[in-house]
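query07.tsv (TSV, C-alpha atoms) appears below.
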```tsv
chain	number	residue	atom	x	y	z
F	113	MET	CA	76.72	143.88	126.15
F	114	GLY	CA	78.66	140.71	126.97
F	115	ARG	CA	76.69	138.56	124.51
F	116	ILE	CA	77.63	140.30	121.28
F	117	GLN	CA	80.05	137.56	120.25
F	118	HIS	CA	78.30	135.33	117.73
F	119	LEU	CA	78.66	131.61	117.31
F	120	HIS	CA	81.42	130.34	115.14
F	121	GLU	CA	80.59	128.29	112.03
F	122	ASP	CA	81.87	125.05	113.50
F	123	ARG	CA	79.61	125.51	116.53
F	124	LEU	CA	76.65	125.98	114.24
F	125	PHE	CA	77.63	122.90	112.33
F	126	ASP	CA	77.95	120.86	115.52
F	127	CYS	CA	74.49	122.01	116.44
F	128	TYR	CA	73.19	120.92	113.03
F	129	LEU	CA	74.81	117.50	113.37
F	130	ALA	CA	73.40	117.05	116.85
F	131	GLU	CA	69.93	117.93	115.66
F	132	ARG	CA	70.19	115.60	112.67
F	133	ASN	CA	71.41	112.71	114.77
F	134	ARG	CA	68.74	113.38	117.37
F	135	GLU	CA	71.27	114.19	120.02
F	136	ALA	CA	71.00	116.94	122.59
F	137	PRO	CA	72.85	120.09	121.45
F	138	ASP	CA	75.27	121.94	123.64
F	139	PRO	CA	73.04	123.92	126.08
F	140	ARG	CA	75.11	127.10	125.70
F	141	ILE	CA	74.72	127.01	121.92
F	142	ALA	CA	71.03	126.28	122.20
F	143	GLU	CA	70.63	129.18	124.57
F	144	HIS	CA	72.52	131.51	122.27
F	145	LEU	CA	70.47	130.45	119.27
F	146	ALA	CA	67.30	131.10	121.17
F	147	ASP	CA	68.24	134.75	121.57
F	148	CYS	CA	70.56	135.76	118.72
F	149	GLU	CA	68.78	136.53	115.48
F	150	PRO	CA	71.86	136.82	113.24
F	151	CYS	CA	73.09	133.44	114.45
F	152	VAL	CA	69.64	131.94	113.92
F	153	ALA	CA	69.68	133.32	110.37
F	154	ARG	CA	73.10	131.79	109.72
F	155	TYR	CA	72.00	128.53	111.24
F	156	THR	CA	68.86	128.46	109.13
F	157	GLU	CA	70.93	129.11	106.03
F	158	LEU	CA	73.30	126.27	106.91
F	159	VAL	CA	70.45	123.86	107.53
F	160	ALA	CA	68.81	124.88	104.24
F	161	LEU	CA	72.00	124.20	102.30
F	162	MET	CA	72.48	120.83	103.92
F	163	ASP	CA	68.86	119.91	103.40
F	164	GLU	CA	69.09	120.94	99.78
F	165	LEU	CA	72.11	118.72	99.25
F	166	ARG	CA	70.38	115.89	100.99
F	167	ALA	CA	67.14	116.33	99.05
F	168	ASP	CA	69.08	116.44	95.83
F	169	ALA	CA	70.84	113.18	96.65
F	170	ASP	CA	67.56	111.53	97.58
F	171	GLU	CA	65.84	112.77	94.45
F	172	ALA	CA	68.63	111.68	92.15
F	173	THR	CA	68.86	108.25	93.77
F	174	SER	CA	65.11	107.71	93.74
F	175	ALA	CA	64.93	108.64	90.08
F	176	VAL	CA	67.67	106.22	89.15
F	177	PHE	CA	67.16	103.38	91.61
F	178	THR	CA	63.50	102.74	91.04
F	179	PRO	CA	61.70	99.97	92.96
F	180	GLU	CA	62.02	97.73	89.88
F	181	ARG	CA	65.71	98.31	89.71
F	182	LEU	CA	66.13	97.61	93.40
F	183	ARG	CA	64.16	94.39	93.00
F	184	ALA	CA	66.35	93.37	90.09
F	185	GLN	CA	69.41	94.20	92.14
F	186	GLN	CA	68.14	92.01	94.94
F	187	GLN	CA	67.57	89.14	92.52
F	188	HIS	CA	71.07	89.56	91.14
F	189	ILE	CA	72.49	89.37	94.63
F	190	GLU	CA	70.48	86.24	95.39
F	191	ARG	CA	71.64	84.62	92.17
F	192	ARG	CA	75.26	85.43	92.88
F	193	ILE	CA	74.96	84.00	96.36
F	194	GLU	CA	73.40	80.84	94.96
F	195	HIS	CA	76.35	80.48	92.62
F	196	LEU	CA	78.67	80.72	95.57
F	197	GLY	CA	77.34	77.34	96.69
F	198	HIS	CA	78.16	75.79	93.32
F	199	ALA	CA	81.74	76.75	92.98
F	200	ALA	CA	83.66	75.46	89.99
F	201	ARG	CA	85.25	72.05	90.53
F	202	VAL	CA	88.97	72.27	90.85
F	203	ILE	CA	91.09	69.21	90.24
F	204	SER	CA	93.66	69.14	92.95
F	205	PHE	CA	97.28	68.39	92.33
F	206	PRO	CA	98.85	65.45	94.15
F	207	ARG	CA	100.02	66.50	97.55
F	208	PRO	CA	103.77	67.00	97.53
F	209	ALA	CA	104.09	66.37	101.24
F	210	GLY	CA	102.16	63.10	101.16
F	211	GLY	CA	103.54	59.66	102.05
F	212	ALA	CA	105.78	57.70	99.71
F	213	GLY	CA	102.93	55.33	98.87
F	214	GLU	CA	100.81	58.20	97.45
F	215	ARG	CA	103.38	59.28	94.93
F	216	HIS	CA	102.69	57.85	91.53
F	217	GLU	CA	105.52	59.27	89.49
F	218	ALA	CA	108.45	57.01	88.67
F	219	PRO	CA	111.64	57.57	90.61
F	220	PRO	CA	113.85	59.98	88.69
F	221	HIS	CA	116.94	57.74	88.89
F	222	SER	CA	115.46	54.89	86.82
F	223	ILE	CA	114.25	57.33	84.12
F	224	GLY	CA	117.66	58.89	83.88
F	225	ARG	CA	119.36	55.55	83.60
F	226	PHE	CA	116.95	54.36	80.92
F	227	VAL	CA	117.42	57.56	78.87
F	228	ALA	CA	121.19	57.33	79.13
F	229	ALA	CA	121.22	53.67	78.06
F	230	ALA	CA	118.90	54.35	75.11
F	231	ALA	CA	121.02	57.28	73.98
F	232	ALA	CA	124.22	55.21	74.19
F	233	ALA	CA	122.67	52.32	72.23
F	234	GLY	CA	121.36	54.69	69.57
F	235	LEU	CA	124.75	56.32	69.22
F	236	PHE	CA	126.53	52.97	68.92
F	237	ILE	CA	124.10	51.65	66.27
F	238	GLY	CA	124.31	54.91	64.36
F	239	VAL	CA	128.11	54.91	64.34
F	240	ALA	CA	128.29	51.25	63.36
F	241	LEU	CA	125.82	51.63	60.49
F	242	GLY	CA	127.50	54.81	59.34
F	243	ALA	CA	130.92	53.15	59.34
F	244	SER	CA	129.73	50.10	57.40
F	245	PHE	CA	127.94	52.22	54.81
F	246	GLY	CA	131.00	54.43	54.47
F	247	TRP	CA	133.17	51.37	53.90
F	248	GLN	CA	130.84	50.03	51.19
F	249	TRP	CA	130.53	53.40	49.46
F	250	ARG	CA	134.29	53.75	49.39
F	251	LEU	CA	134.76	50.22	48.08
F	252	TRP	CA	132.20	50.37	45.32
F	253	PRO	CA	133.71	52.97	42.92
F	254	SER	CA	137.19	51.45	43.08
F	255	SER	CA	135.97	47.86	42.41
F	256	GLY	CA	134.64	48.94	39.00
F	257	SER	CA	132.04	46.18	39.08
F	258	SER	CA	128.38	46.95	39.52
F	259	ALA	CA	127.60	43.36	40.45
F	260	SER	CA	129.69	43.56	43.62
F	261	ALA	CA	127.38	46.16	45.04
F	262	PRO	CA	123.85	45.14	44.24
F	263	SER	CA	122.32	47.29	46.91
F	264	LEU	CA	123.74	50.40	45.30
F	265	SER	CA	122.70	49.49	41.82
F	266	SER	CA	119.40	51.24	42.07
F	267	PRO	CA	120.75	54.81	42.03
F	268	ARG	CA	122.76	54.06	38.95
F	269	PRO	CA	119.95	54.07	36.42
F	270	SER	CA	118.55	57.27	37.78
F	271	LEU	CA	121.86	59.05	37.66
F	272	GLY	CA	122.99	57.32	34.54
F	273	THR	CA	119.83	57.72	32.56
F	274	PRO	CA	120.69	61.12	31.11
F	275	MET	CA	124.08	59.79	30.04
F	276	VAL	CA	122.46	56.77	28.42
F	277	ALA	CA	120.09	59.12	26.72
F	278	ARG	CA	123.04	61.21	25.69
F	279	GLU	CA	124.57	58.19	23.97
F	280	THR	CA	121.47	57.33	22.03
F	281	ALA	CA	119.88	60.72	21.65
F	282	PRO	CA	121.23	63.70	19.78
F	283	PRO	CA	123.77	65.92	21.66
F	284	PRO	CA	122.33	67.84	24.62
F	285	ASP	CA	121.26	71.32	24.02
F	286	VAL	CA	122.47	74.41	25.80
F	287	ALA	CA	119.98	74.09	28.65
F	288	ASP	CA	121.23	70.62	29.49
F	289	ASP	CA	124.82	71.83	29.54
F	290	ALA	CA	123.89	74.64	31.86
F	291	PHE	CA	122.01	72.25	34.12
F	292	TRP	CA	124.94	69.83	34.35
F	293	SER	CA	127.51	72.48	34.93
F	294	GLU	CA	125.42	73.96	37.67
F	295	PHE	CA	124.87	70.54	39.18
F	296	GLU	CA	128.58	69.78	39.19
F	297	LEU	CA	129.40	73.13	40.65
F	298	MET	CA	126.92	72.54	43.43
F	299	LEU	CA	128.35	69.11	44.21
F	300	ASP	CA	131.91	70.37	44.14
F	301	ARG	CA	131.24	73.11	46.61
F	302	PRO	CA	130.58	72.11	50.20
F	303	ALA	CA	128.17	74.60	51.71
F	304	THR	CA	129.73	74.96	55.12
F	305	ARG	CA	132.89	73.91	56.81
F	306	GLU	CA	131.00	71.69	59.23
F	307	LEU	CA	129.59	69.65	56.36
F	308	GLN	CA	132.93	69.04	54.70
F	309	PRO	CA	133.55	65.65	56.42
F	310	PHE	CA	130.13	64.45	55.30
F	311	ASP	CA	130.83	65.78	51.87
F	312	ALA	CA	134.06	63.76	51.76
F	313	LEU	CA	132.13	60.60	52.63
F	314	THR	CA	129.45	61.19	50.01
F	315	PRO	CA	130.06	59.62	46.57
F	316	ARG	CA	130.01	62.20	43.76
F	317	ALA	CA	127.65	62.06	40.82
F	318	ARG	CA	130.67	62.76	38.66
F	319	ASP	CA	132.18	59.43	39.81
F	320	PHE	CA	129.04	57.65	38.71
F	321	VAL	CA	129.17	59.37	35.38
F	322	LEU	CA	132.81	58.52	34.88
F	323	ALA	CA	132.19	54.94	35.91
F	324	SER	CA	129.40	54.63	33.41
F	325	TYR	CA	131.66	55.98	30.66
F	326	ARG	CA	134.27	53.37	31.51
A	120	MET	CA	71.24	77.31	104.51
A	121	ALA	CA	67.82	78.25	103.10
A	122	GLU	CA	66.98	80.01	106.34
A	123	ALA	CA	70.25	81.94	106.21
A	124	ARG	CA	69.50	83.01	102.69
A	125	GLY	CA	66.03	84.12	103.66
A	126	ARG	CA	67.41	86.23	106.46
A	127	PHE	CA	70.05	87.62	104.19
A	128	THR	CA	67.41	88.63	101.66
A	129	GLU	CA	65.69	90.61	104.41
A	130	LEU	CA	68.98	92.23	105.27
A	131	VAL	CA	69.50	93.23	101.65
A	132	ALA	CA	66.03	94.70	101.45
A	133	THR	CA	66.68	96.75	104.58
A	134	HIS	CA	70.00	98.25	103.57
A	135	GLN	CA	69.88	98.25	99.82
A	136	ARG	CA	68.38	101.66	99.28
A	137	ARG	CA	70.78	103.47	101.54
A	138	ALA	CA	73.69	101.53	100.02
A	139	SER	CA	72.57	102.47	96.53
A	140	ARG	CA	72.35	106.13	97.51
A	141	ILE	CA	75.88	106.14	98.92
A	142	ALA	CA	77.32	104.25	95.97
A	143	TYR	CA	75.56	106.42	93.43
A	144	GLN	CA	76.69	109.62	95.09
A	145	TYR	CA	80.17	108.26	95.17
A	146	LEU	CA	80.40	106.89	91.66
A	147	ARG	CA	77.82	108.98	89.75
A	148	ASP	CA	77.19	106.05	87.48
A	149	VAL	CA	74.13	103.85	87.87
A	150	ALA	CA	75.58	100.61	86.52
A	151	GLU	CA	78.76	100.93	88.55
A	152	ALA	CA	76.85	101.85	91.68
A	153	ASP	CA	74.58	98.86	91.16
A	154	GLU	CA	77.55	96.53	90.80
A	155	ALA	CA	79.30	98.05	93.81
A	156	VAL	CA	76.24	97.42	95.97
A	157	GLN	CA	75.94	93.85	94.74
A	158	ASP	CA	79.62	93.21	95.39
A	159	ALA	CA	79.34	94.62	98.88
A	160	PHE	CA	76.39	92.37	99.76
A	161	VAL	CA	78.10	89.29	98.33
A	162	LYS	CA	81.23	90.10	100.33
A	163	VAL	CA	79.12	90.49	103.45
A	164	PHE	CA	77.58	87.07	102.84
A	165	THR	CA	80.91	85.37	102.32
A	166	HIS	CA	82.69	87.10	105.20
A	167	ILE	CA	79.86	87.25	107.69
A	168	SER	CA	81.91	85.17	110.12
A	169	SER	CA	84.44	88.00	110.44
A	170	TYR	CA	81.79	90.49	111.57
A	171	ARG	CA	82.27	91.58	115.15
A	172	GLU	CA	79.32	93.05	116.95
A	173	THR	CA	81.35	95.86	118.48
A	174	TRP	CA	79.82	98.16	115.91
A	175	PRO	CA	76.40	98.09	114.25
A	176	PHE	CA	76.08	96.12	111.07
A	177	GLU	CA	75.65	99.33	109.05
A	178	VAL	CA	79.11	100.50	110.01
A	179	TRP	CA	80.75	97.26	108.90
A	180	PHE	CA	78.70	97.05	105.73
A	181	THR	CA	79.28	100.69	104.80
A	182	ARG	CA	82.98	100.26	105.24
A	183	ILE	CA	82.95	97.36	102.78
A	184	LEU	CA	80.83	99.36	100.37
A	185	ILE	CA	83.01	102.46	100.54
A	186	ASN	CA	86.17	100.42	100.00
A	187	GLY	CA	84.57	98.91	96.91
A	188	CYS	CA	83.54	102.33	95.64
A	189	LEU	CA	87.05	103.69	96.22
A	190	ASP	CA	88.53	100.79	94.25
A	191	ARG	CA	86.13	101.50	91.43
A	192	ARG	CA	86.99	105.18	91.39
A	193	LYS	CA	90.68	104.33	91.23
A	194	ALA	CA	90.07	101.88	88.40
A	195	ARG	CA	88.04	104.49	86.56
A	196	ALA	CA	90.77	107.09	86.98
A	197	ARG	CA	93.31	104.64	85.54
A	198	ARG	CA	90.97	103.84	82.65
A	199	ASP	CA	90.31	107.50	81.93
A	200	ARG	CA	94.01	108.11	81.61
A	201	TRP	CA	93.99	105.96	78.47
A	202	PHE	CA	90.50	106.23	77.10
A	203	VAL	CA	88.19	109.11	76.36
A	204	SER	CA	85.60	108.97	79.09
A	205	GLY	CA	82.00	108.41	78.13
A	206	GLU	CA	80.82	109.14	81.60
A	207	ALA	CA	79.84	112.72	80.97
A	208	SER	CA	77.40	111.69	78.30
A	209	ASN	CA	76.27	108.74	80.40
A	210	ALA	CA	75.70	110.95	83.42
A	211	ASP	CA	73.81	113.38	81.26
A	212	GLY	CA	71.69	110.56	79.94
A	213	MET	CA	70.87	109.36	83.41
A	214	GLN	CA	70.18	112.90	84.49
A	215	GLY	CA	67.81	113.24	81.57
A	216	LEU	CA	66.10	110.04	82.61
A	217	ALA	CA	65.78	111.31	86.14
A	218	ASP	CA	64.39	114.59	84.90
A	219	SER	CA	61.82	112.93	82.69
A	220	ARG	CA	60.47	111.10	85.73
A	221	SER	CA	60.48	114.03	88.12
A	222	PRO	CA	57.32	116.08	88.42
A	223	GLY	CA	56.83	119.67	87.29
A	224	ASN	CA	56.90	121.51	84.02
A	225	PRO	CA	59.90	121.41	81.66
A	226	GLU	CA	61.25	124.67	83.02
A	227	GLN	CA	61.19	123.39	86.58
A	228	ARG	CA	62.81	120.18	85.50
A	229	LEU	CA	65.53	122.07	83.70
A	230	LEU	CA	66.19	124.21	86.76
A	231	ALA	CA	66.26	121.13	88.97
A	232	ARG	CA	68.68	119.50	86.62
A	233	GLU	CA	70.98	122.49	86.62
A	234	ARG	CA	70.89	122.60	90.39
A	235	ARG	CA	71.76	118.92	90.63
A	236	VAL	CA	74.64	119.27	88.23
A	237	ARG	CA	75.96	122.24	90.20
A	238	LEU	CA	75.69	120.43	93.53
A	239	ALA	CA	77.28	117.28	92.18
A	240	ALA	CA	80.15	119.29	90.72
A	241	ALA	CA	80.65	121.04	94.04
A	242	VAL	CA	80.73	117.72	95.95
A	243	ASP	CA	83.18	116.31	93.41
A	244	ARG	CA	85.51	119.22	94.06
A	245	LEU	CA	85.97	118.24	97.68
A	246	ASP	CA	89.20	116.46	98.38
A	247	GLY	CA	89.09	112.68	98.84
A	248	ARG	CA	88.86	112.44	102.60
A	249	GLN	CA	86.43	115.34	102.97
A	250	ARG	CA	84.22	113.88	100.28
A	251	THR	CA	84.18	110.45	101.87
A	252	ILE	CA	83.35	111.81	105.29
A	253	PHE	CA	80.76	114.18	103.97
A	254	MET	CA	79.06	111.47	101.96
A	255	LEU	CA	79.05	109.00	104.80
A	256	CYS	CA	77.57	111.53	107.19
A	257	HIS	CA	75.26	113.29	104.87
A	258	PHE	CA	74.11	110.68	102.38
A	259	GLY	CA	74.83	107.58	104.41
A	260	ASP	CA	73.14	108.80	107.59
A	261	CYS	CA	76.19	107.98	109.68
A	262	THR	CA	77.08	109.81	112.84
A	263	PRO	CA	80.61	111.25	113.22
A	264	ARG	CA	81.29	108.49	115.70
A	265	GLU	CA	80.34	105.80	113.20
A	266	VAL	CA	82.40	107.47	110.49
A	267	SER	CA	85.28	107.49	112.92
A	268	ALA	CA	84.90	103.74	113.34
A	269	MET	CA	84.70	103.21	109.58
A	270	THR	CA	87.64	105.34	108.61
A	271	GLY	CA	89.85	104.88	111.64
A	272	LEU	CA	90.04	108.64	112.12
A	273	ASN	CA	89.53	110.38	115.40
A	274	GLU	CA	85.96	111.56	115.95
A	275	SER	CA	87.02	115.17	116.35
A	276	THR	CA	89.00	114.90	113.10
A	277	VAL	CA	85.89	113.62	111.39
A	278	ARG	CA	83.96	116.63	112.69
A	279	VAL	CA	86.63	119.01	111.45
A	280	HIS	CA	86.63	117.42	107.98
A	281	LEU	CA	82.89	117.51	107.90
A	282	PHE	CA	82.77	121.14	108.85
A	283	ARG	CA	85.41	122.05	106.27
A	284	ALA	CA	83.53	120.13	103.60
A	285	ALA	CA	80.33	122.01	104.38
A	286	HIS	CA	82.22	125.29	104.47
A	287	LYS	CA	83.78	124.62	101.08
A	288	LEU	CA	80.49	123.50	99.56
A	289	ARG	CA	78.86	126.67	100.74
A	290	ALA	CA	81.59	128.72	99.10
A	291	LEU	CA	81.41	126.74	95.88
A	292	LEU	CA	77.67	127.06	95.67
A	293	GLY	CA	77.79	130.81	96.03
A	294	GLY	CA	76.77	131.11	99.64
A	295	LYS	CA	78.73	132.96	102.28
A	296	PRO	CA	81.98	131.08	102.99
```
Represent the supplied structure as structure tokens.
Amino acid sequence: MGRIQHLHEDRLFDCYLAERNREAPDPRIAEHLADCEPCVARYTELVALMDELRADADEATSAVFTPERLRAQQQHIERRIEHLGHAARVISFPRPAGGAGERHEAPPHSIGRFVAAAAAAGLFIGVALGASFGWQWRLWPSSGSSASAPSLSSPRPSLGTPMVARETAPPPDVADDAFWSEFELMLDRPATRELQPFDALTPRARDFVLASYR
Amino acid sequence: MAEARGRFTELVATHQRRASRIAYQYLRDVAEADEAVQDAFVKVFTHISSYRETWPFEVWFTRILINGCLDRRKARARRDRWFVSGEASNADGMQGLADSRSPGNPEQRLLARERRVRLAAAVDRLDGRQRTIFMLCHFGDCTPREVSAMTGLNESTVRVHLFRAAHKLRALLGGKP
């Protein structure tokens, strides 16, 4: 009457694992299973379920991973391992912690000095040229003589040509008037405040026109 | 070097089938399982110096393989969040291929297919740790002690997870819980 208590599920499962791993099961469980039919039935059911799962996995894997596929897989692995030996060549950067003799870049102080000197020289030349041109441009309209400024004689024909044409040709039509009025308006109006000093330095087309009339 | 490669080829031949079975059960996608197995073997080759002989080679190798499979599952989950998954159709296609090669009449093949789908769905419904342990023990032929070494879990904890996984599978498949 004392042996009515059946084995618990986890005991049955332990027994299954032991059997599968070819280990000796717990002797008490083995003894119980030898005598108890309900427990044997439960154990058989458990083993059947596990075997079914296992057989299913085997079947599915065998159907998918055929011997050809496994061979191909093996070849892929071999190829990948071969490629490991031929790694891509990497160009190394110069070592930052190397000796002073290994460093090829120019010292930063000399570059800075050179850049500063070049910028200063460029600024000086620019200012000087700008000042001299400004002086000549200011002088030229007041002198009233085109011969005194031969270098600036070339723009005159281009700007004066329409006026010359106006003298010889018949009076300009409406389109010409509109063009000139628009042109004058544009020249009279500095676009932005920052450009106003430049605008003051720039000779006006109107001055050329007036000069040519005189 | 050539000798090492020759020996490694033998090693691949020995473990490849079992590795493919584990990876396929884990990923349920042939191409991904194939790649996971390849990656695992290449990693073994490159990191062979870090192998310690405290545990059998299978334990070390399976751990690498399972980690790779877990990474792939995570990547797939991230991908599936944004894209419509084509895996169901792919799995069906592979299942169809498997069925066409298996013996028996069409009715038997259909029944076998249904059974496989049901079993696979039941295994997929296990939670992460239970599934891993169950797969390693049941499909990877690992003992609870080896799984303990792979996962870092206590051996008795592995046994408990394994038992719970089997219990749940039994319930899901219509047997007595």
What is the distance, in Å and to one decimal place, between atom CA of F:Pro315 and atom CA of F:Met298?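 So the two atoms, atom CA of F:Pro315 and atom CA of F:Met298, lie 13.7 Å apart.
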When the cut-off is 9 Å and we count all atoms listed in the file, which residues of chain A are near chain F, given as a ChimeraX atom specification? /A:124,127-128,131-132,135-136,139-141,143-144,149,153-154,156-158,160-161,164-165,213-214,216-218,220-221,231,234-235,238-239,257-258,260-263,278-279,281-283,285-286,288-289,294
Give me, please, the distance in Å between atom CA of F:Cys127 and atom CA of F:Tyr155, quoted to one decimal. 8.7 Å
Contacts of A:Met269 at 8 Å or less, counting all atoms listed in the file, minus same-chain residues fewer than 4 places along, as a list in words? Val178, Trp179, Thr181, Arg182 and Glu265 of chain A
Could those selected residues go to a file with C-alpha atoms, as a PDB file, in the frame of the given file?
```pdb
ATOM      1  CA  VAL A 178      79.110 100.500 110.010  1.00  0.00           C
ATOM      2  CA  TRP A 179      80.750  97.260 108.900  1.00  0.00           C
ATOM      3  CA  THR A 181      79.280 100.690 104.800  1.00  0.00           C
ATOM      4  CA  ARG A 182      82.980 100.260 105.240  1.00  0.00           C
ATOM      5  CA  GLU A 265      80.340 105.800 113.200  1.00  0.00           C
TER       6      GLU A 265
END
```
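Note that the spacing between atom CA of F:His118 and atom CA of F:His144 amounts to 8.3 Å.
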Given the point (84.4, 112.8, 106.5) in the file's coordinates, find the residues that have an atom at most 6 Å from it, counting all atoms listed in the file, and give them as a list in words. Arg248, Gln249, Thr251, Ile252, Phe253, Val277, His280 and Leu281 of chain A
Output of the above residues as a short mmCIF file (atom, residue, chain, number, x, y, z; two decimals), in the coordinates of the input, restricted to C-alpha atoms:
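Heads up, here's the output in part_0.cif:
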```
data_model
loop_
_atom_site.label_atom_id
_atom_site.label_comp_id
_atom_site.auth_asym_id
_atom_site.auth_seq_id
_atom_site.Cartn_x
_atom_site.Cartn_y
_atom_site.Cartn_z
CA ARG A 248 88.86 112.44 102.60
CA GLN A 249 86.43 115.34 102.97
CA THR A 251 84.18 110.45 101.87
CA ILE A 252 83.35 111.81 105.29
CA PHE A 253 80.76 114.18 103.97
CA VAL A 277 85.89 113.62 111.39
CA HIS A 280 86.63 117.42 107.98
CA LEU A 281 82.89 117.51 107.90
#
```
Centre and size of axis-aligned box enclosing stretch 129-139 of chain A plus 4 Å each side, as lines of an AutoDock Vina configuration file:
```
center_x = 69.7
center_y = 97.0
center_z = 100.9
size_x = 16.0
size_y = 20.9
size_z = 16.7
```
Here is a test: counting all atoms listed in the file, which residue of A:Ala138, A:Val163, A:Val236, A:Leu146 is nearest to A:Ala194? A:Leu146
